[in-house]
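Quick look at input-v5.txt (compact mmCIF, C-alpha atoms and all ligand atoms):
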```txt
# COMPACT_ATOMS: atom_id res chain seq x y z
CA MET A 11 116.80 103.13 117.16
CA SER A 12 113.36 101.58 117.64
CA ASP A 13 111.91 99.26 115.00
CA ALA A 14 109.26 101.82 114.15
CA THR A 15 111.91 104.49 113.56
CA ARG A 16 114.08 102.14 111.57
CA PHE A 17 111.25 101.17 109.26
CA ARG A 18 110.11 104.71 108.76
CA THR A 19 113.51 105.54 107.35
CA THR A 20 113.20 103.10 104.53
CA THR A 21 110.59 101.65 102.22
CA ARG A 22 109.41 98.47 100.71
CA HIS A 23 111.11 99.41 97.46
CA MET A 24 114.36 99.80 99.33
CA LEU A 25 113.88 97.11 101.92
CA LYS A 26 111.95 94.21 100.56
CA GLN A 27 114.86 91.80 100.42
CA SER A 28 116.41 92.67 103.75
CA LYS A 29 116.42 90.46 106.84
CA GLU A 30 114.63 93.16 108.82
CA TYR A 31 111.76 93.13 106.36
CA ALA A 32 111.57 89.33 106.47
CA SER A 33 111.33 89.44 110.25
CA GLN A 34 108.38 91.84 109.98
CA THR A 35 106.61 89.75 107.40
CA LEU A 36 104.24 87.09 108.65
CA MET A 37 103.55 85.40 105.34
CA GLY A 38 103.63 86.20 101.69
CA GLY A 39 104.41 85.15 98.15
CA LEU A 40 101.23 84.15 96.40
CA SER A 41 100.00 81.53 98.85
CA GLY A 42 96.27 81.39 99.38
CA PHE A 43 95.20 82.54 95.92
CA GLU A 44 93.85 80.18 93.30
CA SER A 45 94.15 81.40 89.73
CA PRO A 46 90.85 81.71 87.84
CA ILE A 47 90.44 78.79 85.47
CA GLY A 48 88.95 78.60 81.99
CA LEU A 49 89.82 82.17 80.97
CA ASP A 50 91.39 82.64 77.57
CA ARG A 51 93.48 85.68 76.69
CA ARG A 52 90.48 87.77 75.56
CA ASP A 53 88.53 86.93 78.72
CA ARG A 54 91.49 87.94 80.85
CA ILE A 55 91.83 91.32 79.13
CA ASP A 56 88.11 91.97 79.61
CA ALA A 57 88.26 90.90 83.27
CA LEU A 58 91.27 93.16 83.81
CA LYS A 59 89.35 96.14 82.43
CA THR A 60 86.37 95.55 84.69
CA GLY A 61 88.53 94.70 87.69
CA ASP A 62 87.12 91.17 87.97
CA ILE A 63 90.73 90.00 88.08
CA GLY A 64 94.05 91.60 88.92
CA PHE A 65 97.58 90.49 88.15
CA VAL A 66 99.45 90.15 91.41
CA HIS A 67 103.18 89.71 91.94
CA SER A 68 102.94 88.78 95.64
CA TRP A 69 101.42 89.83 98.93
CA ASP A 70 102.38 89.84 102.59
CA ILE A 71 101.32 90.89 106.04
CA ASN A 72 103.74 93.38 107.58
CA THR A 73 104.01 96.01 110.25
CA SER A 74 105.17 99.63 110.00
CA VAL A 75 106.37 99.39 106.41
CA ASP A 76 103.59 100.35 104.00
CA GLY A 77 101.38 102.56 106.13
CA PRO A 78 100.16 102.55 109.74
CA GLY A 79 99.54 99.42 111.80
CA THR A 80 99.60 95.84 110.59
CA ARG A 81 98.88 95.72 106.89
CA MET A 82 98.22 93.40 104.05
CA THR A 83 100.38 94.73 101.22
CA VAL A 84 99.55 93.53 97.72
CA PHE A 85 102.26 94.03 95.11
CA MET A 86 100.59 94.41 91.74
CA SER A 87 102.41 93.41 88.56
CA GLY A 88 103.27 95.91 85.88
CA CYS A 89 105.07 99.25 85.97
CA PRO A 90 105.47 101.86 83.21
CA LEU A 91 108.55 103.45 84.84
CA ARG A 92 112.12 102.13 84.78
CA CYS A 93 113.72 103.69 87.85
CA GLN A 94 117.48 103.33 87.92
CA TYR A 95 117.30 102.31 91.58
CA CYS A 96 114.34 99.92 91.26
CA GLN A 97 114.60 97.09 93.78
CA ASN A 98 111.93 95.01 92.07
CA PRO A 99 112.45 94.82 88.31
CA ASP A 100 110.68 91.45 88.48
CA THR A 101 107.40 93.39 88.92
CA TRP A 102 107.74 95.40 85.69
CA LYS A 103 105.77 93.12 83.38
CA MET A 104 102.10 92.59 84.16
CA ARG A 105 102.05 89.26 82.39
CA ASP A 106 104.59 87.89 84.89
CA GLY A 107 102.00 88.30 87.67
CA LYS A 108 99.40 85.77 88.69
CA PRO A 109 95.73 86.48 87.93
CA VAL A 110 93.70 86.70 91.14
CA THR A 111 89.94 87.15 91.24
CA LEU A 112 88.33 90.17 92.87
CA GLU A 113 86.32 87.81 95.02
CA ALA A 114 89.43 86.01 96.32
CA MET A 115 91.14 89.30 97.17
CA ILE A 116 88.11 90.68 99.01
CA LYS A 117 87.84 87.40 100.94
CA LYS A 118 91.44 87.80 102.04
CA VAL A 119 90.79 91.35 103.31
CA ASP A 120 87.73 90.10 105.16
CA ARG A 121 89.80 87.35 106.79
CA TYR A 122 92.22 89.88 108.31
CA LYS A 123 89.86 92.75 109.00
CA ASP A 124 89.81 92.24 112.78
CA LEU A 125 93.62 92.27 112.88
CA PHE A 126 93.65 95.48 110.83
CA LYS A 127 91.13 97.17 113.08
CA ALA A 128 92.94 96.07 116.27
CA THR A 129 96.29 97.49 115.08
CA GLY A 130 95.10 100.55 113.17
CA GLY A 131 96.26 98.85 109.98
CA GLY A 132 94.59 97.94 106.72
CA ILE A 133 95.27 97.10 103.10
CA THR A 134 97.99 98.69 100.93
CA PHE A 135 98.26 98.29 97.18
CA SER A 136 101.81 98.63 95.96
CA GLY A 137 103.79 97.31 93.04
CA GLY A 138 105.12 97.54 90.45
CA GLU A 139 102.69 100.38 89.88
CA SER A 140 99.38 100.00 91.73
CA MET A 141 97.60 102.44 89.39
CA MET A 142 98.20 100.25 86.36
CA GLN A 143 95.17 98.16 87.36
CA PRO A 144 92.80 100.86 88.62
CA ALA A 145 89.53 98.93 88.31
CA PHE A 146 90.72 96.02 90.44
CA VAL A 147 92.44 98.19 93.05
CA SER A 148 89.53 100.60 93.41
CA ARG A 149 86.95 97.81 93.68
CA VAL A 150 88.95 96.12 96.45
CA PHE A 151 89.27 99.50 98.20
CA ARG A 152 85.53 100.05 97.94
CA ALA A 153 84.90 96.64 99.54
CA ALA A 154 87.51 97.38 102.22
CA LYS A 155 85.84 100.69 103.10
CA GLU A 156 82.50 98.89 103.38
CA MET A 157 84.20 96.62 105.96
CA GLY A 158 85.64 99.66 107.79
CA VAL A 159 89.21 98.78 106.76
CA HIS A 160 91.87 101.52 106.24
CA THR A 161 93.14 101.80 102.65
CA CYS A 162 96.50 102.96 101.35
CA LEU A 163 97.77 103.41 97.80
CA ASP A 164 101.53 103.23 97.23
CA THR A 165 102.24 104.84 93.86
CA SER A 166 104.47 107.08 91.77
CA GLY A 167 101.36 108.92 90.57
CA PHE A 168 102.63 108.56 87.01
CA LEU A 169 99.31 107.06 85.89
CA ASN A 170 97.28 109.90 87.42
CA LYS A 171 94.80 109.84 84.57
CA ASN A 172 93.97 106.17 85.24
CA TYR A 173 92.36 107.06 88.54
CA THR A 174 88.96 108.80 88.51
CA ASP A 175 87.76 111.21 91.20
CA GLU A 176 85.25 108.59 92.27
CA MET A 177 88.08 106.07 92.76
CA LEU A 178 89.98 108.60 94.89
CA GLU A 179 87.16 108.64 97.42
CA ASP A 180 88.09 105.24 98.84
CA ILE A 181 91.78 106.08 99.50
CA ASP A 182 92.58 106.98 103.12
CA LEU A 183 96.32 107.49 102.65
CA CYS A 184 98.66 107.72 99.68
CA LEU A 185 102.35 106.84 99.83
CA LEU A 186 103.48 109.06 96.98
CA ASP A 187 106.95 108.68 95.48
CA VAL A 188 108.27 112.05 94.35
CA LYS A 189 111.34 110.75 92.63
CA SER A 190 112.82 114.10 91.63
CA GLY A 191 111.85 117.76 91.38
CA ASP A 192 112.30 118.75 87.72
CA GLU A 193 111.37 117.07 84.46
CA GLU A 194 114.93 116.51 83.31
CA THR A 195 116.15 114.80 86.47
CA TYR A 196 112.89 112.89 86.85
CA HIS A 197 113.22 111.53 83.33
CA LYS A 198 116.82 110.55 83.93
CA VAL A 199 115.88 108.72 87.14
CA THR A 200 112.69 107.02 85.91
CA GLY A 201 112.37 107.29 82.13
CA GLY A 202 108.99 109.00 82.69
CA LEU A 203 107.39 112.41 83.23
CA LEU A 204 107.12 114.29 86.50
CA GLN A 205 103.96 116.33 85.86
CA PRO A 206 101.47 113.45 86.45
CA THR A 207 102.90 112.97 89.97
CA ILE A 208 102.36 116.66 90.72
CA ASP A 209 98.84 116.50 89.30
CA PHE A 210 97.99 113.40 91.32
CA GLY A 211 99.31 114.90 94.57
CA GLN A 212 97.27 118.05 94.00
CA ARG A 213 94.13 116.03 93.28
CA LEU A 214 94.66 114.03 96.49
CA SER A 215 95.08 117.25 98.40
CA LYS A 216 91.90 118.78 96.97
CA ALA A 217 90.03 115.58 97.85
CA GLY A 218 91.22 115.94 101.47
CA LYS A 219 93.47 112.85 101.41
CA LYS A 220 96.62 112.35 103.46
CA ILE A 221 99.98 111.88 101.76
CA TRP A 222 103.27 110.42 102.97
CA VAL A 223 105.91 111.45 100.45
CA ARG A 224 108.84 109.18 99.70
CA PHE A 225 112.07 110.48 98.21
CA VAL A 226 114.93 108.14 97.35
CA LEU A 227 118.31 109.75 97.91
CA VAL A 228 120.98 108.55 95.49
CA PRO A 229 124.36 110.32 95.61
CA GLY A 230 125.18 111.81 92.23
CA LEU A 231 121.66 111.24 90.88
CA THR A 232 118.98 112.82 93.09
CA ASP A 233 121.01 114.61 95.77
CA SER A 234 121.63 118.10 94.33
CA GLU A 235 120.41 120.97 96.49
CA GLU A 236 118.35 122.24 93.59
CA ASN A 237 116.63 118.90 93.07
CA VAL A 238 115.78 118.54 96.76
CA ASP A 239 114.48 122.13 96.87
CA ASN A 240 112.28 121.44 93.87
CA VAL A 241 110.88 118.27 95.50
CA ALA A 242 110.13 120.32 98.63
CA LYS A 243 108.31 122.95 96.55
CA ILE A 244 106.22 120.25 94.88
CA CYS A 245 105.31 118.85 98.31
CA ALA A 246 104.37 122.38 99.44
CA SER A 247 102.01 122.59 96.46
CA PHE A 248 100.06 119.69 97.98
CA ASP A 249 98.77 122.32 100.36
CA GLY A 250 99.00 120.73 103.81
CA ALA A 251 98.19 117.18 102.68
CA VAL A 252 101.74 115.92 103.34
CA GLU A 253 101.98 114.45 106.84
CA HIS A 254 105.67 113.68 106.51
CA ILE A 255 108.46 113.00 104.03
CA ASP A 256 110.52 109.80 104.15
CA VAL A 257 114.08 110.28 102.93
CA LEU A 258 115.10 106.82 101.79
CA GLY A 259 118.77 106.11 101.38
CA PHE A 260 119.67 104.16 98.26
CA HIS A 261 121.16 100.72 98.84
CA GLN A 262 122.23 97.82 96.70
CA LEU A 263 119.89 95.09 97.98
CA GLY A 264 118.11 94.98 94.62
CA ARG A 265 121.24 94.43 92.51
CA PRO A 266 120.98 90.60 92.36
CA LYS A 267 117.54 90.85 90.72
CA TRP A 268 118.87 92.99 87.87
CA HIS A 269 121.62 90.43 87.36
CA GLU A 270 119.21 87.47 87.49
CA LEU A 271 116.96 89.14 84.90
CA ARG A 272 120.01 90.07 82.79
CA ILE A 273 118.98 93.75 82.65
CA PRO A 274 121.89 96.21 82.47
CA TYR A 275 121.99 97.82 85.90
CA PRO A 276 122.80 101.55 85.72
CA LEU A 277 123.73 101.88 89.41
CA GLU A 278 126.14 98.96 89.51
CA ASP A 279 128.79 100.91 91.40
CA ALA A 280 126.61 103.47 93.17
CA LYS A 281 126.92 103.92 96.92
CA GLY A 282 124.32 104.81 99.52
CA PRO A 283 124.28 108.34 100.99
CA SER A 284 126.58 109.26 103.85
CA ALA A 285 125.04 110.28 107.17
CA LYS A 286 126.17 113.84 106.44
CA LEU A 287 124.42 113.96 103.07
CA ARG A 288 121.28 112.45 104.49
CA GLN A 289 121.25 115.03 107.28
CA ARG A 290 121.69 117.89 104.78
CA VAL A 291 118.69 116.66 102.78
CA ILE A 292 116.55 116.16 105.87
CA GLU A 293 117.34 119.70 106.99
CA GLN A 294 116.49 121.05 103.55
CA PHE A 295 113.01 119.50 103.74
CA GLN A 296 112.63 120.65 107.34
CA SER A 297 113.40 124.22 106.29
CA TYR A 298 110.13 124.09 104.29
CA GLY A 299 108.29 123.13 107.47
CA PHE A 300 107.96 119.39 106.79
CA THR A 301 108.27 116.57 109.29
CA VAL A 302 110.98 114.31 107.88
CA TYR A 303 112.02 110.74 108.70
S1 LIG B 401 108.01 102.88 90.17
FE1 LIG B 401 110.21 102.65 89.83
S2 LIG B 401 110.94 101.71 91.72
FE2 LIG B 401 108.73 101.38 91.67
S3 LIG B 401 108.44 99.38 90.65
FE3 LIG B 401 108.34 100.94 89.04
S4 LIG B 401 110.41 101.07 88.23
FE4 LIG B 401 110.54 100.04 90.24
```
Take the structure in this file and express it as structure tokens.
Amino acid sequence: MSDATRFRTTTRHMLKQSKEYASQTLMGGLSGFESPIGLDRRDRIDALKTGDIGFVHSWDINTSVDGPGTRMTVFMSGCPLRCQYCQNPDTWKMRDGKPVTLEAMIKKVDRYKDLFKATGGGITFSGGESMMQPAFVSRVFRAAKEMGVHTCLDTSGFLNKNYTDEMLEDIDLCLLDVKSGDEETYHKVTGGLLQPTIDFGQRLSKAGKKIWVRFVLVPGLTDSEENVDNVAKICASFDGAVEHIDVLGFHQLGRPKWHELRIPYPLEDAKGPSAKLRQRVIEQFQSYGFTVY
């Protein structure tokens, strides 16, 4: 299996702690960003609203993981969902992130813009939940588009209402997690509502944006034929915007983080999908006409 194929079959959520990911990552953490000084709590809240600062968990430069080409992926802090299979519970609280100024982030994009253009890459905002800080993300995207840099938003879509139509204009590609296909299962998996994801996907489609859907396959949780069919129907409602679907097999690489944070881990004994199950799900999506990895 080529590297490109291998990485298409997984995701940052599923892969971030693996050796393969590390070997694709040129740098990361929070190096290169100075925190703004002299801001009290009130100032920070105001700056967050305007997008003058964003709270960032970490960033890295990677290839073939979070969109096409070589990309700078910025993991924003804060997430309103609580997915049972989350690999990064350390990103859940915004206050655990580091404040980074808009200016510093734009400077970083500018520094790598030639690399992005040479490889067909760009900037990806991920998380946590990238749409929790819409002003910051959209202002960086606007600056990136002015530099001719490709932009990608990795999101669950749960905060659909946070993102205005004007903000949508500067997204080239969305990596959209469709975590399950009906409200009941979605709530069980994430603690949240499914409808905002559907609404966001349909808005992206109407705006002419491309979508790569991600579906995490967990035996006994998301793998029923009915659930997969419902996810496929949701993707079909995005009306041609879906370029492909990634079926991501659950794994246990995130378990140590749940233990470190002393959060009860609901999938303690869960196993990844068998090759047979994975193939069944891939074929189900293919039967709706989708390209599946
Ligand atoms: S959307 Fe789910 S998997 Fe992603 S960071 Fe939030 S809780 Fe974790």
ask   = Which residues, written as an NGL selection string, have at least one atom at most 6 Å from range 218-230 of chain A, with all atoms listed in the file counted and residues fewer than 2 positions away on the same chain left out?
value = :A and (183-189 or 214-216 or 232-233 or 251-260 or 283)
With C-alpha atoms retained, export the selected residues as a compact mmCIF listing (two decimals), in the coordinates of the input.
```txt
# COMPACT_ATOMS: atom_id res chain seq x y z
CA LEU A 183 96.32 107.49 102.65
CA CYS A 184 98.66 107.72 99.68
CA LEU A 185 102.35 106.84 99.83
CA LEU A 186 103.48 109.06 96.98
CA ASP A 187 106.95 108.68 95.48
CA VAL A 188 108.27 112.05 94.35
CA LYS A 189 111.34 110.75 92.63
CA LEU A 214 94.66 114.03 96.49
CA SER A 215 95.08 117.25 98.40
CA LYS A 216 91.90 118.78 96.97
CA THR A 232 118.98 112.82 93.09
CA ASP A 233 121.01 114.61 95.77
CA ALA A 251 98.19 117.18 102.68
CA VAL A 252 101.74 115.92 103.34
CA GLU A 253 101.98 114.45 106.84
CA HIS A 254 105.67 113.68 106.51
CA ILE A 255 108.46 113.00 104.03
CA ASP A 256 110.52 109.80 104.15
CA VAL A 257 114.08 110.28 102.93
CA LEU A 258 115.10 106.82 101.79
CA GLY A 259 118.77 106.11 101.38
CA PHE A 260 119.67 104.16 98.26
CA PRO A 283 124.28 108.34 100.99
```
Sort by chain and increasing residue number a table of all residues of chain A within 7 Å of ligand LIG 401 (chain B), each with its closest pair of atoms and their distance in Å to one decimal, counting all atoms listed in the file, and write it as JSON lines.
```
{"residue": "A:His23", "atom": "CA", "partner": "B:LIG401", "partner_atom": "S2", "distance": 6.2}
{"residue": "A:Cys89", "atom": "CA", "partner": "B:LIG401", "partner_atom": "FE3", "distance": 4.8}
{"residue": "A:Pro90", "atom": "CA", "partner": "B:LIG401", "partner_atom": "FE3", "distance": 6.6}
{"residue": "A:Leu91", "atom": "CA", "partner": "B:LIG401", "partner_atom": "S4", "distance": 4.5}
{"residue": "A:Arg92", "atom": "CA", "partner": "B:LIG401", "partner_atom": "S4", "distance": 4.0}
{"residue": "A:Cys93", "atom": "CA", "partner": "B:LIG401", "partner_atom": "FE1", "distance": 4.2}
{"residue": "A:Tyr95", "atom": "CA", "partner": "B:LIG401", "partner_atom": "S2", "distance": 6.4}
{"residue": "A:Cys96", "atom": "CA", "partner": "B:LIG401", "partner_atom": "S2", "distance": 3.9}
{"residue": "A:Gln97", "atom": "CA", "partner": "B:LIG401", "partner_atom": "FE4", "distance": 6.1}
{"residue": "A:Asn98", "atom": "CA", "partner": "B:LIG401", "partner_atom": "FE4", "distance": 5.5}
{"residue": "A:Pro99", "atom": "CA", "partner": "B:LIG401", "partner_atom": "FE4", "distance": 5.9}
{"residue": "A:Thr101", "atom": "CA", "partner": "B:LIG401", "partner_atom": "S3", "distance": 6.3}
{"residue": "A:Trp102", "atom": "CA", "partner": "B:LIG401", "partner_atom": "S3", "distance": 6.4}
{"residue": "A:Gly137", "atom": "CA", "partner": "B:LIG401", "partner_atom": "S3", "distance": 5.6}
{"residue": "A:Gly138", "atom": "CA", "partner": "B:LIG401", "partner_atom": "S3", "distance": 3.8}
{"residue": "A:Glu139", "atom": "CA", "partner": "B:LIG401", "partner_atom": "FE3", "distance": 5.7}
{"residue": "A:Ser166", "atom": "CA", "partner": "B:LIG401", "partner_atom": "S1", "distance": 5.7}
{"residue": "A:Thr200", "atom": "CA", "partner": "B:LIG401", "partner_atom": "FE1", "distance": 6.4}
```
note = From CA of Ile181 in chain A to CA of Asp53 in chain A the spacing works out at 28.4 Å
message = Can you pull out the residues contacting range 57-68 of chain A? Cut-off 7 Å, using only C-alpha atoms, and skip same-chain residues under 6 positions away; I want them as a VMD selection string.
response = chain A and resid 38 to 40 84 to 87 101 104 107 to 112 143 145 to 146 149
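For the atom pair formed by CA of Arg213 in chain A and CA of Lys198 in chain A, the distance is 25.1 Å, given to one decimal.
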request  = Give the answer as one residue: which of A:Ser45, A:Ser74, A:Asn170, A:Thr129 has the shortest atom-to-atom distance to Glu113 in chain A, using only C-alpha atoms?
outcome  = A:Ser45
ask   = When distances are computed from all atoms listed in the file, which of A:Phe248, A:Glu270, A:Val241, A:Pro78 shows the smallest separation from Asp182 in chain A?
value =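 Checking each of A:Phe248, A:Glu270, A:Val241, A:Pro78 against Asp182 in chain A, counting all atoms listed in the file, the winner is A:Pro78.
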Report as a PDB file with C-alpha atoms, in the frame of the given file all protein, DNA and RNA residues lying within 8 Å of Ser140 in chain A, evaluated on only C-alpha atoms, omitting residues in the same chain fewer than 4 positions from it.
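Dumped to result.pdb:
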```
ATOM      1  CA  PHE A  85     102.260  94.030  95.110  1.00  0.00           C
ATOM      2  CA  MET A  86     100.590  94.410  91.740  1.00  0.00           C
ATOM      3  CA  SER A  87     102.410  93.410  88.560  1.00  0.00           C
ATOM      4  CA  PHE A 135      98.260  98.290  97.180  1.00  0.00           C
ATOM      5  CA  SER A 136     101.810  98.630  95.960  1.00  0.00           C
ATOM      6  CA  PRO A 144      92.800 100.860  88.620  1.00  0.00           C
ATOM      7  CA  VAL A 147      92.440  98.190  93.050  1.00  0.00           C
ATOM      8  CA  LEU A 163      97.770 103.410  97.800  1.00  0.00           C
ATOM      9  CA  ASP A 164     101.530 103.230  97.230  1.00  0.00           C
ATOM     10  CA  THR A 165     102.240 104.840  93.860  1.00  0.00           C
TER      11      THR A 165
END
```
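Atom pair CA of Lys267 in chain A / CA of Gln94 in chain A has a distance of 12.8 Å (rounded to one decimal).
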key: Contacts of Pro206 in chain A within 8 Å, only C-alpha atoms, excl. fewer than 6 positions in-chain, as a ChimeraX atom specification   = /A:167-171
Deliver the residues from the most recent selection as a file, using C-alpha atoms, as a PDB file, keeping the file's coordinate frame.
```pdb
ATOM      1  CA  GLY A 167     101.360 108.920  90.570  1.00  0.00           C
ATOM      2  CA  PHE A 168     102.630 108.560  87.010  1.00  0.00           C
ATOM      3  CA  LEU A 169      99.310 107.060  85.890  1.00  0.00           C
ATOM      4  CA  ASN A 170      97.280 109.900  87.420  1.00  0.00           C
ATOM      5  CA  LYS A 171      94.800 109.840  84.570  1.00  0.00           C
TER       6      LYS A 171
END
```
remark   = The residue from A:Gln294, A:Ser148, A:Thr134, A:Thr73 with the smallest atom-to-atom distance to Asp239 in chain A, counting only C-alpha atoms, is A:Gln294
request  = Rank A:Ile292, A:Ala280, A:Ile244, A:Leu287 by their smallest atom-to-atom distance to Leu204 in chain A, using all atoms listed in the file, and report the top residue only.
outcome  =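 Counting all atoms listed in the file, the residue closest to Leu204 in chain A is A:Ile244.
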Please report, as AutoDock Vina command-line options, the centre and edge lengths in Å to one decimal of an axis-aligned box covering all listed atoms of range 168-181 of chain A with 5 Å per side.
```
--center_x 93.9 --center_y 108.2 --center_z 92.0 --size_x 27.4 --size_y 16.0 --size_z 24.9
```
request  = Tell me which of A:Ile273, A:Asp124, A:Ala246, A:Asp175 sits closest to Gln296 in chain A, counting only C-alpha atoms.
outcome  = A:Ala246
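Nearest-residue note for Arg81 in chain A: choosing from A:Lys117, A:Lys103, A:Arg152, A:His160, the minimum distance belongs to A:His160, counting all atoms listed in the file.
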